[in-house]
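Pasting start-v2.cif here (mmCIF, C-alpha atoms):
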```cif
data_final
#
loop_
_atom_site.label_atom_id
_atom_site.label_comp_id
_atom_site.auth_asym_id
_atom_site.auth_seq_id
_atom_site.Cartn_x
_atom_site.Cartn_y
_atom_site.Cartn_z
CA MET U 221 28.92 11.06 -27.07
CA HIS U 222 25.42 9.71 -26.47
CA THR U 223 26.61 6.27 -27.57
CA PHE U 224 29.45 6.40 -25.06
CA LEU U 225 27.15 7.44 -22.21
CA ILE U 226 24.62 4.73 -23.05
CA THR U 227 27.48 2.22 -23.12
CA LEU U 228 28.42 3.25 -19.58
CA ALA U 229 24.84 2.58 -18.45
CA VAL U 230 24.80 -0.84 -20.17
CA ILE U 231 28.13 -1.77 -18.57
CA ALA U 232 26.70 -0.76 -15.17
CA PHE U 233 23.69 -3.03 -15.74
CA PHE U 234 25.87 -6.04 -16.58
CA MET U 235 28.11 -5.36 -13.61
CA ILE U 236 25.01 -5.46 -11.36
CA VAL U 237 23.76 -8.74 -12.87
CA LEU U 238 27.22 -10.35 -12.74
CA GLU U 239 28.10 -9.14 -9.24
CA ASP U 240 28.25 -12.68 -7.81
CA VAL U 241 30.36 -13.87 -10.75
CA ILE U 242 32.96 -11.10 -10.86
CA HIS U 243 32.92 -10.56 -7.07
CA LEU U 244 32.89 -6.77 -7.46
CA ASN U 245 30.38 -4.93 -5.28
CA LYS U 246 27.72 -3.24 -7.41
CA ALA U 247 27.89 -0.13 -5.20
CA LYS U 248 31.48 0.47 -6.36
CA THR U 249 30.80 -0.04 -10.05
CA THR U 250 27.59 1.99 -10.22
CA LEU U 251 29.04 4.89 -8.23
CA PHE U 252 32.12 4.95 -10.47
CA LEU U 253 30.13 4.82 -13.71
CA GLY U 254 27.43 7.21 -12.45
CA THR U 255 29.87 9.94 -11.48
CA LEU U 256 31.96 9.30 -14.63
CA ALA U 257 28.89 9.83 -16.80
CA TRP U 258 28.24 13.28 -15.31
CA LEU U 259 31.92 14.22 -15.58
CA VAL U 260 31.71 13.40 -19.29
CA LEU U 261 28.61 15.57 -19.60
CA PHE U 262 30.52 18.53 -18.11
CA LEU U 263 33.74 17.96 -20.05
CA PHE U 264 32.12 17.31 -23.43
CA PRO U 265 28.85 19.25 -23.37
CA GLU U 266 26.45 19.38 -26.28
CA PRO U 267 26.69 22.61 -28.31
CA ASN U 268 23.39 23.95 -26.97
CA LEU U 269 24.27 23.36 -23.30
CA SER U 270 26.37 25.59 -21.07
CA PRO U 271 28.09 24.43 -17.85
CA LYS U 272 25.40 26.33 -15.96
CA ASP U 273 22.66 24.32 -17.70
CA ILE U 274 24.36 21.05 -16.82
CA GLN U 275 24.85 22.24 -13.23
CA GLU U 276 21.12 22.90 -12.94
CA MET U 277 20.40 19.40 -14.27
CA LEU U 278 22.78 17.88 -11.74
CA ASN U 279 21.33 19.94 -8.88
CA GLU U 280 17.82 18.74 -9.73
CA ASN U 281 18.96 15.12 -9.70
CA LEU U 282 20.96 15.54 -6.49
CA LEU U 283 17.95 17.04 -4.69
CA GLU U 284 15.85 13.97 -5.52
CA ILE U 285 18.67 11.64 -4.48
CA ALA U 286 19.29 13.50 -1.21
CA SER U 287 15.66 13.15 -0.11
CA LEU U 288 15.77 9.41 -0.74
CA TRP U 289 19.21 8.99 0.84
CA LEU U 290 18.43 10.84 4.06
CA PHE U 291 15.11 9.04 4.54
CA LEU U 292 16.74 5.64 4.10
CA MET U 293 19.64 6.58 6.36
CA ALA U 294 17.26 7.52 9.18
CA ALA U 295 15.08 4.40 8.81
CA MET U 296 18.07 2.06 8.55
CA THR U 297 19.69 3.57 11.65
CA PHE U 298 16.58 2.85 13.71
CA VAL U 299 16.50 -0.76 12.53
CA ALA U 300 20.26 -1.22 13.00
CA TYR U 301 19.90 -0.25 16.66
CA LEU U 302 16.87 -2.45 17.33
CA ASN U 303 18.46 -5.41 15.57
CA HIS U 304 21.78 -5.00 17.38
CA GLN U 305 20.04 -4.91 20.74
CA GLY U 306 18.20 -8.16 19.97
CA LEU U 307 14.77 -6.56 20.34
CA ILE U 308 13.55 -7.83 16.97
CA GLU U 309 14.62 -11.38 17.78
CA THR U 310 13.02 -11.09 21.21
CA LEU U 311 9.73 -10.00 19.65
CA ILE U 312 9.76 -12.93 17.22
CA TYR U 313 10.18 -15.62 19.85
CA LYS U 314 7.78 -13.95 22.25
CA PHE U 315 4.89 -14.66 19.90
CA LEU U 316 6.00 -18.11 18.71
CA PRO U 317 4.48 -21.03 20.64
CA SER U 318 6.83 -23.70 21.94
CA ARG U 319 5.35 -26.37 19.65
CA LEU U 320 3.61 -25.95 16.30
CA GLY U 321 3.14 -27.64 12.92
CA GLU U 322 5.22 -26.84 9.85
CA LYS U 323 2.22 -25.56 7.89
CA GLN U 324 1.25 -23.23 10.71
CA LEU U 325 4.84 -22.04 11.00
CA LEU U 326 5.03 -21.31 7.26
CA PHE U 327 2.02 -19.00 7.53
CA MET U 328 3.49 -17.33 10.63
CA VAL U 329 6.84 -16.75 8.91
CA ALA U 330 4.97 -15.30 5.92
CA ILE U 331 2.98 -12.91 8.12
CA PHE U 332 6.05 -11.85 10.10
CA SER U 333 8.11 -11.20 6.95
CA PHE U 334 5.22 -9.26 5.41
CA VAL U 335 4.67 -7.04 8.44
CA PHE U 336 8.32 -6.52 9.33
CA SER U 337 9.30 -5.53 5.79
CA SER U 338 6.72 -2.75 5.92
CA LEU U 339 8.52 -1.24 8.90
CA SER U 340 12.14 -1.79 7.85
CA ASP U 341 14.08 -1.96 4.61
CA ASN U 342 13.91 -5.16 2.57
CA ILE U 343 17.51 -6.15 3.24
CA THR U 344 17.13 -6.04 7.03
CA ALA U 345 13.74 -7.78 6.88
CA THR U 346 15.22 -10.57 4.76
CA LEU U 347 18.26 -11.00 7.00
CA VAL U 348 16.10 -11.29 10.13
CA SER U 349 13.52 -13.59 8.50
CA VAL U 350 16.17 -15.85 6.95
CA ALA U 351 17.98 -16.09 10.31
CA LEU U 352 14.68 -17.26 11.81
CA VAL U 353 14.27 -19.91 9.09
CA LEU U 354 17.83 -21.20 9.50
CA SER U 355 17.40 -21.43 13.28
CA LEU U 356 14.59 -23.95 12.74
CA ARG U 357 17.07 -26.48 11.22
CA LEU U 358 14.60 -27.83 8.68
CA PRO U 359 15.49 -30.35 5.94
CA PRO U 360 17.00 -28.70 2.81
CA ASN U 361 13.85 -28.94 0.66
CA LYS U 362 11.71 -27.37 3.40
CA THR U 363 14.31 -24.68 4.11
CA LEU U 364 14.10 -23.77 0.41
CA LYS U 365 10.29 -23.51 0.60
CA PHE U 366 10.43 -21.28 3.66
CA THR U 367 13.06 -19.05 2.06
CA VAL U 368 11.04 -18.64 -1.14
CA MET U 369 8.12 -17.63 1.07
CA VAL U 370 10.29 -15.08 2.87
CA VAL U 371 11.48 -13.43 -0.35
CA PHE U 372 7.97 -13.02 -1.75
CA ALA U 373 6.49 -11.88 1.58
CA VAL U 374 9.26 -9.34 2.17
CA ASN U 375 8.81 -7.81 -1.28
CA SER U 376 5.02 -7.83 -0.93
CA GLY U 377 5.03 -6.23 2.51
CA GLY U 378 7.27 -3.39 1.42
CA VAL U 379 5.02 -1.99 -1.33
CA SER U 380 2.31 -0.55 0.89
CA LEU U 381 4.49 1.70 3.08
CA ILE U 382 7.24 4.09 2.05
CA THR U 383 9.40 2.73 4.88
CA GLY U 384 9.37 -0.75 3.37
CA ASP U 385 10.46 -0.50 -0.26
CA VAL U 386 12.71 1.94 -2.08
CA THR U 387 10.66 1.84 -5.29
CA THR U 388 7.49 2.68 -3.36
CA LEU U 389 9.31 5.60 -1.74
CA MET U 390 10.58 6.78 -5.13
CA ILE U 391 7.10 6.71 -6.69
CA PHE U 392 5.67 8.53 -3.66
CA LEU U 393 8.36 11.23 -3.72
CA ALA U 394 7.54 11.80 -7.40
CA ASP U 395 3.95 12.65 -6.34
CA LYS U 396 2.46 9.76 -8.31
CA VAL U 397 0.72 8.15 -5.33
CA ALA U 398 -0.38 9.32 -1.88
CA ILE U 399 0.39 7.59 1.41
CA GLN U 400 -3.26 6.89 2.19
CA ASP U 401 -3.67 5.25 -1.23
CA LEU U 402 -0.57 3.10 -0.76
CA LEU U 403 -1.99 1.70 2.46
CA TRP U 404 -4.78 0.06 0.45
CA LEU U 405 -2.17 -1.97 -1.42
CA SER U 406 -1.60 -3.99 1.74
CA ALA U 407 -4.88 -5.87 1.15
CA PRO U 408 -4.10 -7.45 -2.25
CA SER U 409 -0.45 -7.85 -1.25
CA PHE U 410 -1.38 -9.79 1.88
CA ILE U 411 -3.91 -11.94 0.03
CA SER U 412 -1.28 -12.91 -2.54
CA VAL U 413 1.17 -13.81 0.25
CA MET U 414 -1.40 -16.06 1.93
CA PHE U 415 -2.21 -17.60 -1.46
CA LEU U 416 1.46 -18.47 -2.02
CA ALA U 417 1.74 -19.82 1.54
CA GLY U 418 -1.19 -22.12 0.77
CA LEU U 419 0.51 -23.40 -2.38
CA LEU U 420 3.83 -23.95 -0.63
CA SER U 421 2.25 -25.65 2.38
CA PHE U 422 1.53 -28.81 0.40
CA GLY U 423 3.93 -31.50 1.58
CA LEU U 424 4.50 -29.94 5.00
CA SER U 425 3.20 -32.19 7.77
CA GLY U 426 5.79 -32.27 10.55
CA GLU U 427 5.82 -30.60 13.95
CA LEU U 428 8.55 -28.42 15.44
CA ILE U 429 9.64 -27.54 18.98
CA ILE U 430 10.70 -23.89 19.25
CA ASP U 431 13.39 -23.01 21.77
CA GLY U 432 13.60 -19.26 22.13
CA GLY U 433 16.15 -19.31 24.96
CA GLN U 434 16.58 -16.47 27.39
CA ARG U 435 15.52 -13.05 26.11
CA ARG U 436 16.34 -9.72 27.69
CA TYR U 437 14.42 -6.48 27.76
CA ASP U 438 16.09 -3.09 27.81
CA ARG U 439 14.18 0.09 28.73
CA VAL U 440 16.24 2.19 26.31
CA GLY U 441 15.59 -0.25 23.50
CA MET U 442 11.88 -0.40 24.24
CA SER U 443 11.72 3.40 24.31
CA ILE U 444 13.42 3.65 20.94
CA ALA U 445 11.19 0.92 19.49
CA PHE U 446 8.22 3.06 20.56
CA VAL U 447 9.80 6.16 18.98
CA PHE U 448 10.34 4.21 15.74
CA LEU U 449 6.69 3.13 15.54
CA ALA U 450 5.54 6.64 16.49
CA THR U 451 7.76 8.08 13.75
CA ILE U 452 6.22 5.79 11.13
CA LEU U 453 2.68 6.73 12.19
CA SER U 454 3.58 10.43 12.39
CA THR U 455 5.09 10.28 8.91
CA ILE U 456 1.81 9.03 7.49
CA ILE U 457 -0.45 11.36 9.50
CA LEU U 458 1.59 14.55 9.03
CA ASN U 459 1.97 13.98 5.32
CA VAL U 460 -1.76 13.46 4.88
CA ILE U 461 -2.94 16.41 6.97
CA ALA U 462 -0.16 18.94 6.35
CA GLY U 463 1.98 17.67 3.46
CA VAL U 464 5.07 17.31 5.67
CA PRO U 465 7.82 15.51 3.69
CA PRO U 466 8.55 12.03 5.12
CA VAL U 467 12.29 12.72 5.25
CA LEU U 468 11.72 15.61 7.68
CA THR U 469 9.59 13.53 10.06
CA PHE U 470 12.07 10.65 10.04
CA LEU U 471 15.05 12.92 10.69
CA PHE U 472 13.12 14.42 13.61
CA GLY U 473 12.41 10.93 14.96
CA LEU U 474 16.09 10.04 14.55
CA SER U 475 17.08 13.09 16.57
CA ILE U 476 14.76 11.96 19.39
CA MET U 477 16.44 8.55 19.28
CA PHE U 478 19.84 10.21 19.74
CA LEU U 479 18.58 12.35 22.62
CA ILE U 480 17.00 9.38 24.40
CA GLY U 481 20.26 7.49 24.10
CA ARG U 482 22.22 10.42 25.50
CA PHE U 483 19.82 10.90 28.42
CA PHE U 484 19.76 7.23 29.50
CA HIS U 485 23.41 6.49 28.79
CA LYS U 486 25.00 9.64 30.20
CA ASP U 487 26.22 7.87 33.35
CA ASP U 488 27.72 4.79 31.69
CA ASP U 489 30.22 3.98 28.98
CA ARG U 490 27.95 2.25 26.49
CA GLU U 491 28.26 3.12 22.80
CA SER U 492 26.93 6.37 21.41
CA MET U 493 23.69 6.22 19.45
CA LEU U 494 25.51 8.00 16.64
CA ASP U 495 27.63 4.86 16.21
CA TYR U 496 24.64 3.05 14.71
CA ILE U 497 24.80 5.28 11.63
CA ARG U 498 28.04 3.44 10.86
CA ALA U 499 26.23 0.08 11.16
CA ILE U 500 23.80 0.64 8.29
CA GLU U 501 24.33 -0.81 4.81
CA PHE U 502 26.17 2.06 3.15
CA ASP U 503 26.95 -0.12 0.15
CA THR U 504 23.19 -0.16 -0.52
CA LEU U 505 22.96 3.62 -0.22
CA LEU U 506 25.97 4.11 -2.49
CA PHE U 507 24.44 1.73 -5.03
CA PHE U 508 21.26 3.84 -5.08
CA LEU U 509 23.37 6.97 -5.52
CA GLY U 510 25.26 5.56 -8.48
CA ILE U 511 22.16 4.13 -10.16
CA LEU U 512 20.15 7.33 -9.78
CA LEU U 513 23.03 9.39 -11.19
CA LEU U 514 23.13 7.08 -14.22
CA VAL U 515 19.37 7.17 -14.73
CA GLY U 516 19.38 10.95 -14.33
CA MET U 517 22.04 11.19 -17.04
CA LEU U 518 19.99 8.97 -19.39
CA LYS U 519 16.98 11.18 -18.81
CA GLU U 520 18.91 14.37 -19.54
CA ILE U 521 20.21 13.06 -22.89
CA GLY U 522 16.70 11.91 -23.89
CA VAL U 523 17.30 8.14 -23.89
CA LEU U 524 14.44 7.34 -21.53
CA ASP U 525 11.86 8.65 -23.95
CA SER U 526 12.07 5.28 -25.74
CA LEU U 527 11.21 3.41 -22.55
CA VAL U 528 7.64 4.65 -22.55
CA LYS U 529 7.00 3.36 -26.08
CA ILE U 530 5.67 0.15 -24.56
CA TYR U 531 2.90 2.32 -23.11
CA ASP U 532 2.05 3.38 -26.67
CA MET U 533 1.79 -0.25 -27.78
CA LEU U 534 -0.07 -1.67 -24.77
CA PRO U 535 -2.72 -0.41 -22.34
CA ALA U 536 -1.09 1.02 -19.23
CA VAL U 537 -2.21 -1.83 -16.96
CA HIS U 538 -0.72 -4.44 -19.33
CA ALA U 539 2.50 -2.45 -19.66
CA ASN U 540 2.75 -2.19 -15.87
CA TYR U 541 2.34 -5.98 -15.58
CA VAL U 542 5.17 -6.45 -18.08
CA MET U 543 7.34 -3.98 -16.16
CA GLY U 544 6.80 -6.10 -13.06
CA LEU U 545 7.98 -9.19 -14.95
CA LEU U 546 10.93 -7.22 -16.32
CA SER U 547 11.95 -6.24 -12.78
CA SER U 548 12.84 -9.89 -12.15
CA LEU U 549 15.65 -9.45 -14.71
CA VAL U 550 16.49 -5.77 -14.30
CA ASP U 551 17.09 -4.25 -10.87
CA ASN U 552 13.82 -2.55 -9.89
CA VAL U 553 15.51 0.61 -8.60
CA PRO U 554 16.97 1.73 -11.95
CA LEU U 555 13.86 0.46 -13.74
CA THR U 556 11.59 2.55 -11.49
CA ALA U 557 13.88 5.55 -11.70
CA ALA U 558 13.87 5.29 -15.49
CA LEU U 559 10.06 5.10 -15.62
CA LEU U 560 9.69 8.09 -13.33
CA LYS U 561 12.09 10.14 -15.43
CA ALA U 562 10.32 9.12 -18.64
CA ASP U 563 6.95 9.85 -16.93
CA PRO U 564 4.46 7.82 -19.03
CA GLY U 565 0.96 9.22 -18.92
CA MET U 566 -1.07 7.17 -16.42
CA ASP U 567 -3.91 7.74 -14.01
CA HIS U 568 -3.57 7.12 -10.27
CA ALA U 569 -4.84 3.54 -10.58
CA GLY U 570 -2.10 2.87 -13.12
CA TRP U 571 0.65 4.22 -10.86
CA LEU U 572 -0.71 2.17 -7.97
CA SER U 573 -0.52 -1.04 -10.01
CA LEU U 574 2.98 -0.10 -11.21
CA THR U 575 4.03 0.34 -7.57
CA TYR U 576 2.96 -3.24 -6.89
CA GLY U 577 4.44 -4.55 -10.13
CA VAL U 578 7.99 -3.23 -9.73
CA GLY U 579 7.96 -3.91 -5.99
CA VAL U 580 6.88 -7.56 -6.14
CA GLY U 581 7.74 -8.66 -9.69
CA GLY U 582 11.39 -9.09 -8.74
CA SER U 583 10.37 -12.05 -6.58
CA LEU U 584 9.87 -14.24 -9.66
CA LEU U 585 13.62 -14.86 -9.98
CA VAL U 586 16.09 -15.02 -7.12
CA ILE U 587 18.31 -12.37 -8.78
CA GLY U 588 15.39 -10.00 -9.27
CA SER U 589 15.36 -8.32 -5.87
CA ALA U 590 17.61 -7.42 -2.99
CA ALA U 591 15.65 -9.86 -0.82
CA GLY U 592 16.42 -12.69 -3.23
CA ILE U 593 20.12 -11.85 -3.45
CA VAL U 594 20.40 -11.72 0.35
CA ALA U 595 18.57 -15.04 0.71
CA MET U 596 20.82 -16.68 -1.88
CA SER U 597 23.92 -15.48 -0.07
CA LYS U 598 22.74 -16.76 3.33
CA VAL U 599 20.92 -20.02 2.54
CA PRO U 600 23.00 -22.75 0.81
CA GLU U 601 19.86 -24.47 -0.51
CA VAL U 602 18.85 -21.38 -2.52
CA THR U 603 20.37 -21.23 -6.01
CA PHE U 604 19.13 -19.73 -9.25
CA ILE U 605 17.92 -23.14 -10.46
CA SER U 606 16.44 -24.38 -7.16
CA TYR U 607 14.49 -21.13 -6.76
CA MET U 608 13.07 -21.48 -10.28
CA LYS U 609 11.29 -24.67 -9.19
CA TYR U 610 8.69 -22.39 -7.59
CA SER U 611 8.48 -19.81 -10.42
CA LEU U 612 4.99 -20.95 -11.46
CA PHE U 613 3.65 -20.57 -7.91
CA LEU U 614 5.35 -17.16 -7.66
CA LEU U 615 3.91 -16.05 -11.01
CA LEU U 616 0.39 -17.05 -9.93
CA ALA U 617 0.74 -15.18 -6.63
CA TYR U 618 2.20 -12.10 -8.37
CA SER U 619 -0.60 -12.10 -10.94
CA LEU U 620 -3.24 -12.33 -8.21
CA GLY U 621 -1.66 -9.46 -6.27
CA PHE U 622 -1.27 -7.32 -9.40
CA ALA U 623 -4.91 -7.80 -10.37
CA GLY U 624 -5.90 -6.87 -6.84
CA SER U 625 -3.72 -3.76 -6.85
CA TYR U 626 -5.29 -2.53 -10.08
CA GLY U 627 -8.75 -3.31 -8.74
CA VAL U 628 -8.01 -1.29 -5.59
CA GLY U 629 -6.91 1.62 -7.79
CA LEU U 630 -10.12 1.51 -9.82
CA VAL U 631 -12.22 1.51 -6.64
CA LEU U 632 -10.27 4.41 -5.09
CA PHE U 633 -10.21 6.62 -8.18
CA GLN U 634 -13.41 5.81 -10.01
#
```

Would you write out, as structure tokens, the structure that this file holds?
Amino acid sequence: MHTFLITLAVIAFFMIVLEDVIHLNKAKTTLFLGTLAWLVLFLFPEPNLSPKDIQEMLNENLLEIASLWLFLMAAMTFVAYLNHQGLIETLIYKFLPSRLGEKQLLFMVAIFSFVFSSLSDNITATLVSVALVLSLRLPPNKTLKFTVMVVFAVNSGGVSLITGDVTTLMIFLADKVAIQDLLWLSAPSFISVMFLAGLLSFGLSGELIIDGGQRRYDRVGMSIAFVFLATILSTIILNVIAGVPPVLTFLFGLSIMFLIGRFFHKDDDRESMLDYIRAIEFDTLLFFLGILLLVGMLKEIGVLDSLVKIYDMLPAVHANYVMGLLSSLVDNVPLTAALLKADPGMDHAGWLSLTYGVGVGGSLLVIGSAAGIVAMSKVPEVTFISYMKYSLFLLLAYSLGFAGSYGVGLVLFQ
């Protein structure tokens, strides 16, 4: 039975990797195999397990998944509204000068992608940043450079806030790191982004004219943008001073968004704020659900115990570096979930470096992160091979950021 269940997990992994080849959405395959695995556990239980025992295991896993799901749903709904109203695009062009050099623009795109991915999910941040790059109508080789920069900056920006990266949120919810400690990761992450921008800027010498066109401002949109930022700050502050779970603060902020929309829109026929829940990427949420069900199953049958053996062979910091490299081949969500379930013994500095590793390591290959997959689907110049041209630069930037993240951990917890 264990062999059959492990086979289901292996099939799920290959279906994720081959998604673009078989043209079958990974959300569908992982949800099918994840729920099938638990059905098998109930129908063919081990002799020492009763249905009640398996139910308790499932309930424990579902509680963890629900916290992650609801948090992401709230954050993605905020961003879906702001993006639909054009407020994000308006903000971008408001701060861009009408004329600037390509090198300067590369650094500005890197900074924008880094900051924006901290506030929104990686998929939305990549979509917005890539749309900005494509609007510049650069030559193919320069478009590729800018897109590589976007992927690395988006993944780097997401690791220091729980709103920015799912793996960071997962590690935080497992009580391995605190919000105030995560904020310190922004320093080495930003330095590594600027380092990569410097490497990629060689060969850029042209000048661009930026035409932002007419931009509109909407008082409802601006109010909700303020609520979104206030929700992010409140999430950090309330968790630090009172231990309030982030999901509760974000659901409260979402409710305020709905009430503002109802108050301002009550006399017209514009769409309901609740409609924006339908606009979020539910395939992403369903993928997380399926993956976490599969990883939970592997944990319950004891398979994940072997995953931590690398921590017996290598010092924790070296093992974390390797896990970051591995995340460029294996989706970082199941990898992180597996590590959390296996729970290798590490100090806080170790968990902080692992947060950086699994969050940014996927940037090394275009298939290693959601940001890379989105970029490859939107930018014709980005292929697996063309992206690999910059793997050495990406590895150097990742190594610099990882060393910095571990150094920050040592300073904080010495």

Subject >> Residues in the PyMOL selection byres ((chain U and resi 498) around 12), expressed as a list in words >> reply: Met293, Ala294, Met296, Thr297, Phe298, Ala300, Tyr301, Glu491, Ser492, Met493, Leu494, Asp495, Tyr496, Ile497, Ala499, Ile500, Glu501, Phe502 and Asp503 of chain U

Requested in this report: Step by step, work through what the PyMOL selection byres ((chain U and resi 282) around 12) selects in the shown file, and finish by giving those residues as a VMD selection string.
Outcome: chain U and resid 255 258 275 to 281 283 to 290 508 to 510 512 to 517

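When CA of His568 in chain U is paired with CA of Val537 in chain U, their separation reads 11.3 Å.
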
Problem set entry | Evaluate the PyMOL selection byres ((chain U and resi 445-453) around 9) and report residues as a PyMOL selection string | chain U and resi 295+298-299+302+307+339+383+440-444+454-458+466+469-470+472-474+476-477

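Between Lys323 in chain U and the candidates U:Leu225, U:Leu420, U:Leu253, U:Ala539, the tightest atom-to-atom separation, counting all atoms listed in the file, involves U:Leu420.
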
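Taking CA of Ser338 in chain U and CA of Gly377 in chain U as the two end points, the separation is 5.2 Å.
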
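Of the listed residues U:Ser333, U:Ser349, U:Ser270, U:Thr504, the one whose atoms come nearest to Ala247 in chain U is U:Thr504, with distances taken using all atoms listed in the file.
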
Could you give me the axis-aligned bounding box of range 416-421 of chain U, with 4 Å of padding per side, as centre plus edge lengths in Å to one decimal, as JSON?
```
{"center_x": 1.3, "center_y": -22.1, "center_z": 0.0, "size_x": 13.0, "size_y": 15.2, "size_z": 12.8}
```

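We find CA of Ser421 in chain U and CA of Ser619 in chain U to be spaced 19.2 Å apart.
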
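Closest approach to Met235 in chain U among U:Ile511, U:Leu402, U:Gly627, U:Glu601: U:Ile511, based on only C-alpha atoms.
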
Around (11.3, -14.1, -2.4), as given in the file, which residues come within 12 Å? Count only C-alpha atoms and list them as a PyMOL selection string.
chain U and resi 330+333-334+342-343+345-346+349-350+364-377+413+416-417+548+579-596+602+604+607-608+610-611+613-615+617-618

Next item on the list: Please identify all polymer residues within 9 Å of Ala394 in chain U, counting only C-alpha atoms, omitting same-chain residues fewer than 3 positions from it, and present them as a VMD selection string.
Entry: chain U and resid 284 389 to 391 397 560

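Considering the residues U:Asn361, U:Asn245, U:Ser606, U:Ser573 and counting only C-alpha atoms, Gly423 in chain U has its shortest atom-to-atom contact with U:Asn361.
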
The residue from U:Ala462, U:Ile382, U:Leu259, U:Ile236 with the smallest atom-to-atom distance to Leu549 in chain U, counting all atoms listed in the file, is U:Ile236

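Here the question is which of U:Ala398, U:Val329, U:Leu419, U:Ile521 gets nearest to Leu354 in chain U using all atoms listed in the file, and that residue is U:Val329.
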
Report task. Just the residues within 8 Å of Lys561 in chain U, please, counting only C-alpha atoms, with nothing from its chain fewer than 2 positions along; format it as a ChimeraX atom specification. Result -> /U:515-516,519,524,557-559,563

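Close contacts of His538 in chain U, defined as residues with an atom at most 12 Å away when counting only C-alpha atoms, with chain neighbours fewer than 3 positions off set aside, comprise U:Ile530, U:Tyr531, U:Asp532, U:Met533, U:Leu534, U:Pro535, U:Tyr541, U:Val542, U:Met543, U:Gly544, U:Leu545, U:Met566, U:Gly570, U:Ser573, U:Leu574, U:Gly577, U:Ser619, U:Phe622, U:Ala623, U:Tyr626.
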
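Summary of the local environment: counting all atoms listed in the file, residues at most 6 Å from Gly621 in chain U, other than itself and those fewer than 4 positions away along its chain, are Pro408, Ser409 and Ser412 of chain U.
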